[in-house]
$ cat input_20.cif   # mmCIF, C-alpha atoms
data_upload
#
loop_
_atom_site.label_atom_id
_atom_site.label_comp_id
_atom_site.auth_asym_id
_atom_site.auth_seq_id
_atom_site.Cartn_x
_atom_site.Cartn_y
_atom_site.Cartn_z
CA MET A 1 104.61 -25.32 -11.18
CA ALA A 2 107.63 -23.08 -10.72
CA LEU A 3 110.19 -23.13 -13.52
CA LYS A 4 112.96 -24.20 -11.11
CA ASP A 5 110.86 -27.26 -10.26
CA ILE A 6 110.50 -28.17 -13.94
CA LEU A 7 114.10 -27.75 -15.02
CA PRO A 8 116.54 -30.55 -14.08
CA GLY A 9 119.55 -28.28 -13.59
CA ARG A 10 120.89 -24.75 -13.90
CA LEU A 11 122.81 -25.40 -17.12
CA GLY A 12 120.89 -26.22 -20.29
CA PHE A 13 121.62 -26.59 -23.98
CA GLY A 14 120.68 -23.84 -26.43
CA ALA A 15 120.13 -25.47 -29.81
CA ALA A 16 120.23 -22.46 -32.15
CA PRO A 17 123.69 -23.46 -33.45
CA LEU A 18 122.28 -26.85 -34.51
CA GLY A 19 120.26 -24.93 -37.10
CA ASN A 20 123.55 -24.04 -38.83
CA MET A 21 123.80 -20.67 -37.14
CA PHE A 22 126.60 -18.67 -38.80
CA ARG A 23 128.10 -21.78 -40.45
CA ASP A 24 127.32 -25.07 -42.17
CA ILE A 25 127.74 -27.58 -39.35
CA PRO A 26 128.28 -31.22 -40.39
CA GLU A 27 125.54 -33.57 -39.23
CA ALA A 28 127.95 -35.76 -37.29
CA GLU A 29 129.36 -32.77 -35.42
CA ALA A 30 125.88 -31.53 -34.49
CA LEU A 31 124.82 -34.92 -33.15
CA ALA A 32 128.10 -35.36 -31.30
CA THR A 33 127.56 -32.00 -29.58
CA VAL A 34 124.19 -33.11 -28.18
CA GLU A 35 125.77 -36.41 -27.16
CA ALA A 36 128.52 -34.51 -25.31
CA ALA A 37 125.89 -32.43 -23.52
CA TRP A 38 124.06 -35.56 -22.43
CA ASN A 39 127.27 -37.20 -21.23
CA ASP A 40 128.10 -34.05 -19.25
CA GLY A 41 124.80 -34.35 -17.39
CA ILE A 42 122.74 -31.75 -19.24
CA ARG A 43 119.05 -32.69 -19.34
CA TYR A 44 117.41 -29.46 -20.49
CA PHE A 45 117.35 -28.71 -24.21
CA ASP A 46 115.86 -25.60 -25.84
CA THR A 47 115.11 -25.33 -29.54
CA ALA A 48 112.78 -23.58 -32.02
CA PRO A 49 111.34 -24.04 -35.53
CA LEU A 50 113.16 -20.88 -36.65
CA TYR A 51 116.60 -22.39 -36.08
CA GLY A 52 117.55 -23.47 -39.57
CA ALA A 53 113.86 -23.72 -40.63
CA GLY A 54 113.34 -26.87 -38.58
CA LEU A 55 116.90 -28.20 -38.85
CA ALA A 56 117.75 -27.78 -35.15
CA GLU A 57 114.59 -29.64 -34.10
CA ILE A 58 115.26 -32.43 -36.58
CA ARG A 59 118.79 -32.86 -35.30
CA MET A 60 117.68 -32.68 -31.69
CA GLY A 61 115.04 -35.33 -32.33
CA GLU A 62 117.61 -37.60 -33.93
CA ALA A 63 120.15 -37.08 -31.15
CA LEU A 64 117.68 -37.78 -28.35
CA ALA A 65 115.66 -40.50 -30.08
CA ASP A 66 117.06 -43.34 -27.98
CA ARG A 67 117.01 -41.48 -24.66
CA PRO A 68 114.18 -42.14 -22.16
CA ARG A 69 111.75 -39.25 -22.59
CA ALA A 70 111.18 -38.94 -18.85
CA ASP A 71 114.87 -38.26 -18.35
CA TYR A 72 115.01 -34.83 -20.03
CA VAL A 73 113.10 -31.56 -20.43
CA ILE A 74 112.62 -29.86 -23.77
CA SER A 75 111.34 -26.42 -24.68
CA THR A 76 110.49 -25.17 -28.13
CA LYS A 77 108.78 -22.12 -29.56
CA VAL A 78 105.75 -21.01 -31.57
CA GLY A 79 105.18 -18.07 -33.90
CA ARG A 80 106.76 -19.61 -37.02
CA VAL A 81 105.32 -22.40 -39.12
CA ILE A 82 107.76 -24.25 -41.39
CA LEU A 83 106.34 -25.34 -44.74
CA ASP A 84 107.44 -28.03 -47.19
CA GLU A 85 107.55 -25.27 -49.81
CA ILE A 86 111.00 -23.91 -50.64
CA GLU A 87 111.74 -20.19 -50.57
CA GLU A 88 114.57 -17.98 -51.75
CA MET A 89 116.84 -17.62 -48.72
CA SER A 90 117.91 -14.07 -49.62
CA ALA A 91 114.28 -12.93 -49.51
CA ARG A 92 113.87 -13.74 -45.81
CA ASP A 93 113.51 -10.86 -43.38
CA LEU A 94 114.62 -11.91 -39.91
CA GLY A 95 114.91 -8.41 -38.48
CA GLU A 96 118.09 -7.87 -36.49
CA LYS A 97 118.92 -11.58 -36.81
CA GLY A 98 119.78 -10.89 -40.46
CA ASP A 99 121.09 -13.95 -42.25
CA VAL A 100 122.37 -15.88 -39.21
CA PHE A 101 120.56 -19.00 -40.45
CA LYS A 102 121.47 -18.69 -44.12
CA TYR A 103 123.02 -22.18 -43.97
CA GLY A 104 119.81 -23.74 -42.69
CA ARG A 105 117.07 -25.50 -44.66
CA PRO A 106 115.46 -23.48 -47.47
CA ASN A 107 111.92 -24.32 -46.35
CA LYS A 108 109.52 -21.40 -46.26
CA ILE A 109 109.03 -19.80 -42.84
CA VAL A 110 105.58 -18.31 -42.15
CA ASN A 111 105.27 -15.91 -39.22
CA ASP A 112 101.95 -16.52 -37.46
CA TYR A 113 100.94 -16.09 -33.81
CA THR A 114 97.28 -17.09 -34.17
CA ALA A 115 95.65 -19.93 -32.24
CA ASP A 116 95.51 -22.30 -35.22
CA ALA A 117 99.13 -21.64 -36.18
CA THR A 118 100.22 -22.20 -32.58
CA LEU A 119 98.63 -25.65 -32.49
CA ARG A 120 100.05 -26.53 -35.89
CA SER A 121 103.50 -25.33 -34.89
CA ILE A 122 103.49 -27.54 -31.80
CA ASP A 123 102.31 -30.57 -33.80
CA ASP A 124 105.04 -30.01 -36.38
CA SER A 125 107.67 -29.62 -33.67
CA LEU A 126 106.60 -32.89 -32.06
CA LYS A 127 107.17 -34.69 -35.37
CA ARG A 128 110.58 -33.13 -35.91
CA LEU A 129 111.60 -33.81 -32.31
CA LYS A 130 110.28 -37.38 -32.44
CA THR A 131 108.46 -36.97 -29.15
CA ALA A 132 104.89 -37.10 -27.89
CA HIS A 133 105.15 -33.94 -25.81
CA VAL A 134 107.22 -30.87 -25.04
CA ASP A 135 107.50 -29.47 -21.54
CA ILE A 136 107.75 -25.72 -22.12
CA VAL A 137 106.59 -23.56 -25.04
CA PHE A 138 107.84 -20.02 -25.63
CA VAL A 139 106.21 -17.52 -28.00
CA HIS A 140 109.13 -16.52 -30.20
CA ASP A 141 110.36 -13.04 -31.13
CA VAL A 142 107.16 -11.07 -30.57
CA ALA A 143 109.39 -8.02 -30.13
CA GLN A 144 110.79 -4.95 -31.83
CA ASP A 145 114.08 -6.51 -32.91
CA PHE A 146 112.14 -8.67 -35.36
CA TRP A 147 109.04 -6.58 -36.09
CA GLY A 148 110.20 -2.99 -35.66
CA ASP A 149 107.31 -0.56 -35.15
CA ALA A 150 104.79 -3.32 -35.95
CA TRP A 151 105.71 -5.37 -32.89
CA LEU A 152 102.75 -4.24 -30.78
CA GLY A 153 100.34 -5.43 -33.47
CA ARG A 154 102.03 -8.83 -33.48
CA PHE A 155 101.94 -8.90 -29.69
CA GLU A 156 98.19 -8.34 -29.84
CA GLU A 157 97.87 -11.19 -32.36
CA ALA A 158 99.74 -13.41 -29.93
CA ARG A 159 97.65 -12.20 -26.97
CA THR A 160 94.41 -13.31 -28.60
CA GLY A 161 95.96 -16.38 -30.21
CA ALA A 162 99.09 -18.09 -28.93
CA PHE A 163 98.86 -16.84 -25.32
CA ARG A 164 95.33 -18.16 -24.80
CA VAL A 165 96.09 -21.50 -26.45
CA LEU A 166 99.19 -22.03 -24.34
CA ASP A 167 97.39 -20.99 -21.16
CA ARG A 168 94.78 -23.65 -21.90
CA LEU A 169 97.34 -26.33 -22.76
CA ARG A 170 99.18 -25.60 -19.51
CA ASP A 171 95.97 -25.75 -17.48
CA GLU A 172 95.05 -29.05 -19.17
CA GLY A 173 98.46 -30.52 -18.36
CA VAL A 174 99.49 -30.89 -22.02
CA ILE A 175 102.51 -28.65 -21.35
CA LYS A 176 104.06 -27.72 -18.02
CA ALA A 177 104.79 -24.05 -18.66
CA TRP A 178 104.73 -21.28 -21.26
CA GLY A 179 105.97 -17.74 -21.75
CA LEU A 180 107.89 -15.53 -24.17
CA GLY A 181 111.18 -16.28 -25.91
CA VAL A 182 112.55 -12.84 -26.79
CA ASN A 183 115.67 -10.71 -27.10
CA LYS A 184 114.01 -7.61 -25.65
CA VAL A 185 112.73 -6.65 -22.20
CA GLU A 186 109.61 -4.71 -23.25
CA PRO A 187 107.42 -7.65 -24.37
CA ILE A 188 107.97 -9.38 -21.02
CA GLU A 189 107.12 -6.16 -19.19
CA LEU A 190 103.93 -5.82 -21.26
CA LEU A 191 102.82 -9.41 -20.67
CA LEU A 192 103.45 -9.15 -16.93
CA GLY A 193 101.11 -6.15 -16.90
CA LEU A 194 98.14 -8.12 -18.27
CA GLU A 195 95.48 -9.58 -15.99
CA GLU A 196 95.16 -12.60 -18.27
CA PRO A 197 96.70 -14.87 -19.41
CA LYS A 198 99.23 -16.08 -16.85
CA PRO A 199 102.69 -17.04 -18.14
CA ASP A 200 105.05 -19.19 -16.10
CA ALA A 201 108.46 -18.46 -17.53
CA PHE A 202 110.48 -16.40 -19.96
CA LEU A 203 113.47 -17.08 -22.16
CA LEU A 204 115.36 -13.80 -22.30
CA ALA A 205 118.30 -13.88 -24.68
CA GLY A 206 121.14 -11.40 -24.48
CA ARG A 207 119.44 -9.07 -21.99
CA TYR A 208 120.71 -10.43 -18.70
CA THR A 209 124.38 -10.91 -19.41
CA LEU A 210 127.56 -9.52 -17.95
CA LEU A 211 127.75 -7.13 -20.92
CA ASP A 212 124.11 -5.97 -20.94
CA HIS A 213 121.81 -6.28 -17.93
CA SER A 214 120.74 -2.92 -16.51
CA ARG A 215 117.41 -2.57 -18.31
CA ALA A 216 116.28 -6.10 -17.48
CA LEU A 217 117.40 -5.59 -13.90
CA GLN A 218 115.25 -2.48 -13.56
CA ARG A 219 112.18 -3.52 -15.54
CA VAL A 220 111.50 -7.24 -15.22
CA MET A 221 113.79 -9.23 -12.95
CA PRO A 222 112.23 -8.09 -9.66
CA GLN A 223 108.68 -8.69 -10.95
CA VAL A 224 109.57 -12.17 -12.15
CA ALA A 225 111.17 -13.10 -8.82
CA GLU A 226 108.32 -11.62 -6.76
CA ARG A 227 105.71 -13.63 -8.67
CA GLY A 228 107.59 -16.90 -8.33
CA LEU A 229 108.12 -17.13 -12.08
CA GLY A 230 111.44 -17.86 -13.72
CA ILE A 231 113.78 -16.73 -16.45
CA VAL A 232 116.00 -18.84 -18.67
CA VAL A 233 118.95 -16.71 -19.81
CA GLY A 234 119.82 -17.32 -23.43
CA GLY A 235 122.98 -16.03 -25.07
CA PRO A 236 124.91 -15.57 -21.80
CA TYR A 237 128.07 -14.85 -23.80
CA SER A 238 126.33 -12.13 -25.86
CA SER A 239 126.63 -13.89 -29.24
CA GLY A 240 130.20 -14.84 -28.32
CA ALA A 241 131.44 -11.31 -27.65
CA LEU A 242 132.22 -12.02 -24.00
CA VAL A 243 134.50 -14.91 -24.88
CA GLY A 244 136.43 -13.19 -27.65
CA GLY A 245 134.06 -13.75 -30.56
CA PRO A 246 133.57 -11.24 -33.40
CA ASN A 247 129.80 -10.75 -32.90
CA PHE A 248 127.60 -8.95 -30.39
CA GLU A 249 123.82 -9.11 -30.83
CA TYR A 250 124.15 -11.10 -34.08
CA ALA A 251 126.27 -8.34 -35.63
CA PRO A 252 129.97 -7.35 -35.67
CA ILE A 253 131.06 -6.09 -32.25
CA THR A 254 131.39 -2.32 -31.85
CA PRO A 255 134.64 -0.71 -30.65
CA ASP A 256 132.99 0.45 -27.40
CA MET A 257 131.73 -3.04 -26.59
CA ALA A 258 135.08 -4.57 -27.52
CA GLN A 259 136.73 -2.17 -25.06
CA LYS A 260 134.28 -3.21 -22.32
CA VAL A 261 135.08 -6.87 -22.96
CA ALA A 262 138.80 -6.09 -22.78
CA ARG A 263 138.38 -4.32 -19.43
CA ILE A 264 136.46 -7.26 -17.95
CA LYS A 265 139.02 -9.71 -19.34
CA GLY A 266 141.88 -7.72 -17.80
CA ILE A 267 140.29 -8.05 -14.37
CA ALA A 268 139.43 -11.71 -14.97
CA ASP A 269 143.00 -12.50 -15.99
CA ARG A 270 144.38 -10.89 -12.85
CA HIS A 271 142.13 -13.08 -10.71
CA GLY A 272 142.64 -16.24 -12.77
CA VAL A 273 138.96 -16.33 -13.79
CA SER A 274 137.72 -17.63 -17.16
CA MET A 275 135.36 -15.38 -19.09
CA LYS A 276 132.86 -18.21 -19.45
CA ALA A 277 132.73 -18.64 -15.67
CA ALA A 278 132.25 -14.90 -15.24
CA GLY A 279 129.38 -14.86 -17.73
CA LEU A 280 127.50 -17.93 -16.54
CA GLN A 281 127.87 -17.28 -12.84
CA PHE A 282 126.87 -13.63 -13.15
CA SER A 283 123.59 -14.51 -14.88
CA LEU A 284 122.77 -17.26 -12.40
CA ALA A 285 123.33 -15.01 -9.37
CA ASN A 286 120.00 -13.27 -9.98
CA PRO A 287 117.20 -15.00 -8.02
CA ALA A 288 114.83 -14.70 -11.00
CA VAL A 289 117.12 -16.85 -13.17
CA ALA A 290 116.36 -20.57 -13.21
CA ALA A 291 118.92 -21.64 -15.85
CA VAL A 292 121.34 -20.49 -18.51
CA ILE A 293 121.50 -22.04 -21.97
CA PRO A 294 124.70 -21.24 -23.82
CA GLY A 295 124.62 -22.40 -27.42
CA ALA A 296 127.23 -24.86 -28.65
CA SER A 297 128.02 -26.44 -31.99
CA ARG A 298 131.20 -28.32 -31.04
CA PRO A 299 131.49 -31.07 -28.40
CA ALA A 300 134.49 -29.41 -26.76
CA ARG A 301 132.44 -26.34 -25.92
CA ILE A 302 130.12 -28.41 -23.72
CA ALA A 303 132.92 -29.40 -21.36
CA GLU A 304 134.03 -25.77 -21.16
CA ASP A 305 130.54 -24.65 -20.10
CA GLY A 306 130.30 -27.31 -17.41
CA ALA A 307 133.73 -26.42 -16.08
CA ALA A 308 132.80 -22.72 -16.08
CA LEU A 309 129.76 -23.39 -13.95
CA ARG A 310 131.85 -25.32 -11.41
CA GLU A 311 134.81 -22.91 -11.39
CA VAL A 312 135.52 -21.22 -8.07
CA VAL A 313 135.49 -17.47 -8.68
CA PRO A 314 136.96 -15.28 -5.92
CA ALA A 315 134.70 -12.63 -4.40
CA ASP A 316 137.41 -10.04 -5.06
CA PHE A 317 136.83 -10.46 -8.80
CA TRP A 318 133.18 -9.48 -8.49
CA ARG A 319 134.01 -6.61 -6.14
CA GLU A 320 136.54 -5.23 -8.62
CA LEU A 321 133.99 -5.40 -11.44
CA ARG A 322 131.58 -3.44 -9.23
CA THR A 323 134.20 -0.85 -8.29
CA ALA A 324 135.18 -0.41 -11.94
CA GLY A 325 131.56 0.28 -12.89
CA LEU A 326 131.41 -2.77 -15.15
CA VAL A 327 128.28 -4.17 -13.51
CA ASP A 328 125.12 -2.37 -12.46
CA PRO A 329 125.28 -1.26 -8.80
CA ALA A 330 122.01 -3.13 -8.12
CA ALA A 331 122.97 -6.39 -9.82
CA PRO A 332 123.14 -9.40 -7.49
CA LEU A 333 126.62 -10.92 -7.58
CA PRO A 334 127.67 -14.49 -6.73
CA GLY A 335 128.27 -15.06 -3.07
CA GLY A 336 126.81 -11.68 -2.18
CA ALA A 337 129.96 -9.88 -3.34
#

$ encode --input "input_20.cif" --output "C-alpha cells"
Amino acid sequence: MALKDILPGRLGFGAAPLGNMFRDIPEAEALATVEAAWNDGIRYFDTAPLYGAGLAEIRMGEALADRPRADYVISTKVGRVILDEIEEMSARDLGEKGDVFKYGRPNKIVNDYTADATLRSIDDSLKRLKTAHVDIVFVHDVAQDFWGDAWLGRFEEARTGAFRVLDRLRDEGVIKAWGLGVNKVEPIELLLGLEEPKPDAFLLAGRYTLLDHSRALQRVMPQVAERGLGIVVGGPYSSGALVGGPNFEYAPITPDMAQKVARIKGIADRHGVSMKAAGLQFSLANPAVAAVIPGASRPARIAEDGAALREVVPADFWRELRTAGLVDPAAPLPGGA
C-alpha cells in the first residue's frame, strides 16, 4: 500500500518534543499539545522510543487513550530498547544529537537492530502507546550522524535483523509499512539499492527542507517517486532555524546558515509570506513527499502549522527564491513556479 494511501493527511505531528527535547515540558502542556493537534484535524502521529527514553510514547499513549484507534495513524521506530534500569544521563552517546533529550527519563537506552530486539522494541512501544498495533515502523538512526564510521556495520546488523522482521510483519499485515527514520540521505540510498527487503516509506529529517535539500533531491527523491514509495519529511523547520530559532541540526546555528535564513526571510517579508508556510509548502511540493511532521511542544504552535499549510503563497515568492539561488534549480516548487 502506498504511503499516501496510509496517511490521513499531509500534515502530521512529530512527537520528539514530547520527550522533553531541549527543555523540561510539563505533563499538562505536553498532553494539551496533542489535544490541540487532534482538534486541528491532525490524525497522523510519529514517535520513537529514543524520545525521552520512552517518555514521548508514554505521553502519546495517554493523550490518545480515549480516541478511537481506527481514527488515527501512528508510526514509531526500532533500534533502541528502553530498559527499566537507570543510567547516568551524562554517559549517553547520542552522536550529533548530543544531549537534546537530557530532560527525558533516565532509563537505560540499548542500541540494537537485531531481529529479537526489533520485536521486543515493538512490544514495548505498544505498551507505552496503549495500543494493540502501530501502522508504520521506521528503523531509527542507522546512519553516520549517530554511528560515525561504524554506521555501515550497524546497517548490516539491521539488514539481517530489523529489515527482515519488518518485511515479514508488513507481508503478514501486522504493520502497514516500514522503512528508515534517518537524518542522512546515504542509508536510504543504500537500502534502495538492495534487491531485498522491500521498504515502503522513509522518514527523512532535516534533509528535504528549504534550508537543505540538494543532496536528497539528487540522490533519493526521484527514486522514491519512481517506485511509488513515499517520504515523510521530519524537521521541516531545520531544528527551528528557519523560523528564527537558535539551533540548526541540533546545534547552535552557524553564521552562514543564519545569513541564508535572513535572506529568505527578507524575500518572505516582501511578499507577506510566513516562514512556516514557506518551509512546509516547499517540502510538500516534491512528489515523493507524502507528509510533513513539524514537532511541537506548545498548543499554540499547532494552529500556526495548520495556518501555514493553508496560507496562500504567491508564485512570485518562489520565483524570487529561485532567482536568488536560495533553492536548488531542480527543486519542484509549489504551483510549478

$ residues_near_point --input "input_20.cif" --point "(132.6, -19.0, -24.5)" --cutoff "12 Å" --atoms "only C-alpha atoms" --output "number ranges by chain"
A: 235-246, 274-280, 293-298, 300-309

$ residues_around --input "input_20.cif" --residues "Ile109 of chain A" --least-positions-apart "5" --cutoff "7 Å" --atoms "all atoms listed in the file" --output "PyMOL selection string"
chain A and resi 53+80-83

$ closest_residue --input "input_20.cif" --among "A:Trp151, A:Leu191, A:Asp99, A:Ala331" --to "Thr209 of chain A" --atoms "only C-alpha atoms"
A:Ala331

$ atom_distance --input "input_20.cif" --atom1 "atom CA of Ala70 of chain A" --atom2 "atom CA of Leu180 of chain A"
24.2 Å

$ residues_around --input "input_20.cif" --residues "Phe155 of chain A" --least-positions-apart "4" --cutoff "9 Å" --atoms "only C-alpha atoms" --output "PyMOL selection string"
chain A and resi 113+142-143+150-151+159-160+187

$ residues_around --input "input_20.cif" --residues "Gly14 of chain A" --least-positions-apart "5" --cutoff "12 Å" --atoms "all atoms listed in the file" --output "JSON, numbers by chain"
{"A": [19, 21, 33, 34, 37, 42, 43, 44, 45, 46, 47, 48, 51, 56, 57, 60, 74, 75, 76, 203, 205, 232, 233, 234, 235, 236, 237, 239, 291, 292, 293, 294, 295, 296, 297, 302, 305]}

$ residues_near_point --input "input_20.cif" --point "(121.0, -11.8, -10.3)" --cutoff "6 Å" --atoms "only C-alpha atoms" --output "list in words"
Ser283, Ala285, Asn286, Pro287, Ala331 and Pro332 of chain A

$ closest_residue --input "input_20.cif" --among "A:Val185, A:Val78, A:Ile86, A:Ala216" --to "Phe163 of chain A" --atoms "only C-alpha atoms"
A:Val78

$ resolve_selection --input "input_20.cif" --expression "the PyMOL selection byres ((chain A and resi 264) around 10)" --output "number ranges by chain"
A: 210-211, 242, 259-263, 265-269, 275, 278, 317, 320-321, 324, 326-327

$ axis_aligned_box --input "input_20.cif" --around "segment 160-166 of chain A" --padding-each-side "3 Å" --output "AutoDock Vina command-line options"
--center_x 96.8 --center_y -17.7 --center_z -27.3 --size_x 10.8 --size_y 14.7 --size_z 11.9

$ residues_around --input "input_20.cif" --residues "Leu31 of chain A" --least-positions-apart "4" --cutoff "9 Å" --atoms "all atoms listed in the file" --output "list in words"
Leu18, Pro26, Glu27, Glu35, Ala36, Arg59, Met60, Glu62 and Ala63 of chain A

$ write_last_selection --input "input_20.cif" --atoms "C-alpha atoms" --output "PDB file, in the frame of the given file"
ATOM      1  CA  LEU A  18     122.280 -26.850 -34.510  1.00  0.00           C
ATOM      2  CA  PRO A  26     128.280 -31.220 -40.390  1.00  0.00           C
ATOM      3  CA  GLU A  27     125.540 -33.570 -39.230  1.00  0.00           C
ATOM      4  CA  GLU A  35     125.770 -36.410 -27.160  1.00  0.00           C
ATOM      5  CA  ALA A  36     128.520 -34.510 -25.310  1.00  0.00           C
ATOM      6  CA  ARG A  59     118.790 -32.860 -35.300  1.00  0.00           C
ATOM      7  CA  MET A  60     117.680 -32.680 -31.690  1.00  0.00           C
ATOM      8  CA  GLU A  62     117.610 -37.600 -33.930  1.00  0.00           C
ATOM      9  CA  ALA A  63     120.150 -37.080 -31.150  1.00  0.00           C
TER      10      ALA A  63
END

$ resolve_selection --input "input_20.cif" --expression "the PyMOL selection byres ((chain A and resi 118) around 8)" --output "number ranges by chain"
A: 78-79, 112-117, 119-122, 161-162, 165

$ closest_residue --input "input_20.cif" --among "A:Ala258, A:Ala177, A:Leu192, A:Val273" --to "Ala2 of chain A" --atoms "all atoms listed in the file"
A:Ala177

$ closest_residue --input "input_20.cif" --among "A:Leu7, A:Ala15, A:Leu166, A:Ile58" --to "Thr131 of chain A" --atoms "all atoms listed in the file"
A:Ile58

$ closest_residue --input "input_20.cif" --among "A:Leu64, A:Gly12, A:Pro299, A:Val313" --to "Ala30 of chain A" --atoms "only C-alpha atoms"
A:Pro299

$ atom_distance --input "input_20.cif" --atom1 "atom CA of Gly52 of chain A" --atom2 "atom CA of Arg207 of chain A"
22.8 Å

$ atom_distance --input "input_20.cif" --atom1 "atom CA of Trp318 of chain A" --atom2 "atom CA of His213 of chain A"
15.1 Å

$ build_atoms --input "input_20.cif" --residues "segment 256-269 of chain A" --atoms "N, CA, C and O atoms" --output "PDB file, in the coordinates of the input"
ATOM      1  N   ASP A 256     133.291   0.202 -28.814  1.00  0.00           N
ATOM      2  CA  ASP A 256     132.990   0.450 -27.400  1.00  0.00           C
ATOM      3  C   ASP A 256     132.750  -0.857 -26.640  1.00  0.00           C
ATOM      4  O   ASP A 256     133.231  -1.020 -25.509  1.00  0.00           O
ATOM      5  N   MET A 257     131.998  -1.770 -27.263  1.00  0.00           N
ATOM      6  CA  MET A 257     131.730  -3.040 -26.590  1.00  0.00           C
ATOM      7  C   MET A 257     133.004  -3.876 -26.514  1.00  0.00           C
ATOM      8  O   MET A 257     133.247  -4.548 -25.499  1.00  0.00           O
ATOM      9  N   ALA A 258     133.818  -3.836 -27.543  1.00  0.00           N
ATOM     10  CA  ALA A 258     135.080  -4.570 -27.520  1.00  0.00           C
ATOM     11  C   ALA A 258     135.976  -4.061 -26.385  1.00  0.00           C
ATOM     12  O   ALA A 258     136.662  -4.841 -25.709  1.00  0.00           O
ATOM     13  N   GLN A 259     135.943  -2.753 -26.155  1.00  0.00           N
ATOM     14  CA  GLN A 259     136.730  -2.170 -25.060  1.00  0.00           C
ATOM     15  C   GLN A 259     136.199  -2.639 -23.707  1.00  0.00           C
ATOM     16  O   GLN A 259     136.978  -2.938 -22.793  1.00  0.00           O
ATOM     17  N   LYS A 260     134.870  -2.732 -23.574  1.00  0.00           N
ATOM     18  CA  LYS A 260     134.280  -3.210 -22.320  1.00  0.00           C
ATOM     19  C   LYS A 260     134.694  -4.651 -22.049  1.00  0.00           C
ATOM     20  O   LYS A 260     135.053  -5.008 -20.926  1.00  0.00           O
ATOM     21  N   VAL A 261     134.644  -5.476 -23.101  1.00  0.00           N
ATOM     22  CA  VAL A 261     135.080  -6.870 -22.960  1.00  0.00           C
ATOM     23  C   VAL A 261     136.535  -6.926 -22.515  1.00  0.00           C
ATOM     24  O   VAL A 261     136.897  -7.704 -21.618  1.00  0.00           O
ATOM     25  N   ALA A 262     137.369  -6.093 -23.120  1.00  0.00           N
ATOM     26  CA  ALA A 262     138.800  -6.090 -22.780  1.00  0.00           C
ATOM     27  C   ALA A 262     139.022  -5.694 -21.321  1.00  0.00           C
ATOM     28  O   ALA A 262     139.894  -6.252 -20.643  1.00  0.00           O
ATOM     29  N   ARG A 263     138.252  -4.745 -20.839  1.00  0.00           N
ATOM     30  CA  ARG A 263     138.380  -4.320 -19.430  1.00  0.00           C
ATOM     31  C   ARG A 263     137.986  -5.456 -18.480  1.00  0.00           C
ATOM     32  O   ARG A 263     138.680  -5.709 -17.482  1.00  0.00           O
ATOM     33  N   ILE A 264     136.888  -6.127 -18.788  1.00  0.00           N
ATOM     34  CA  ILE A 264     136.460  -7.260 -17.950  1.00  0.00           C
ATOM     35  C   ILE A 264     137.520  -8.360 -17.992  1.00  0.00           C
ATOM     36  O   ILE A 264     137.869  -8.936 -16.958  1.00  0.00           O
ATOM     37  N   LYS A 265     138.032  -8.627 -19.196  1.00  0.00           N
ATOM     38  CA  LYS A 265     139.020  -9.710 -19.340  1.00  0.00           C
ATOM     39  C   LYS A 265     140.305  -9.375 -18.569  1.00  0.00           C
ATOM     40  O   LYS A 265     140.941 -10.266 -17.977  1.00  0.00           O
ATOM     41  N   GLY A 266     140.686  -8.113 -18.549  1.00  0.00           N
ATOM     42  CA  GLY A 266     141.880  -7.720 -17.800  1.00  0.00           C
ATOM     43  C   GLY A 266     141.726  -8.044 -16.321  1.00  0.00           C
ATOM     44  O   GLY A 266     142.652  -8.570 -15.679  1.00  0.00           O
ATOM     45  N   ILE A 267     140.553  -7.748 -15.781  1.00  0.00           N
ATOM     46  CA  ILE A 267     140.290  -8.050 -14.370  1.00  0.00           C
ATOM     47  C   ILE A 267     140.224  -9.557 -14.155  1.00  0.00           C
ATOM     48  O   ILE A 267     140.766 -10.094 -13.182  1.00  0.00           O
ATOM     49  N   ALA A 268     139.552 -10.250 -15.082  1.00  0.00           N
ATOM     50  CA  ALA A 268     139.430 -11.710 -14.970  1.00  0.00           C
ATOM     51  C   ALA A 268     140.807 -12.374 -15.000  1.00  0.00           C
ATOM     52  O   ALA A 268     141.085 -13.294 -14.211  1.00  0.00           O
ATOM     53  N   ASP A 269     141.663 -11.912 -15.885  1.00  0.00           N
ATOM     54  CA  ASP A 269     143.000 -12.500 -15.990  1.00  0.00           C
ATOM     55  C   ASP A 269     143.797 -12.307 -14.698  1.00  0.00           C
ATOM     56  O   ASP A 269     144.515 -13.212 -14.254  1.00  0.00           O
TER      57      ASP A 269
END
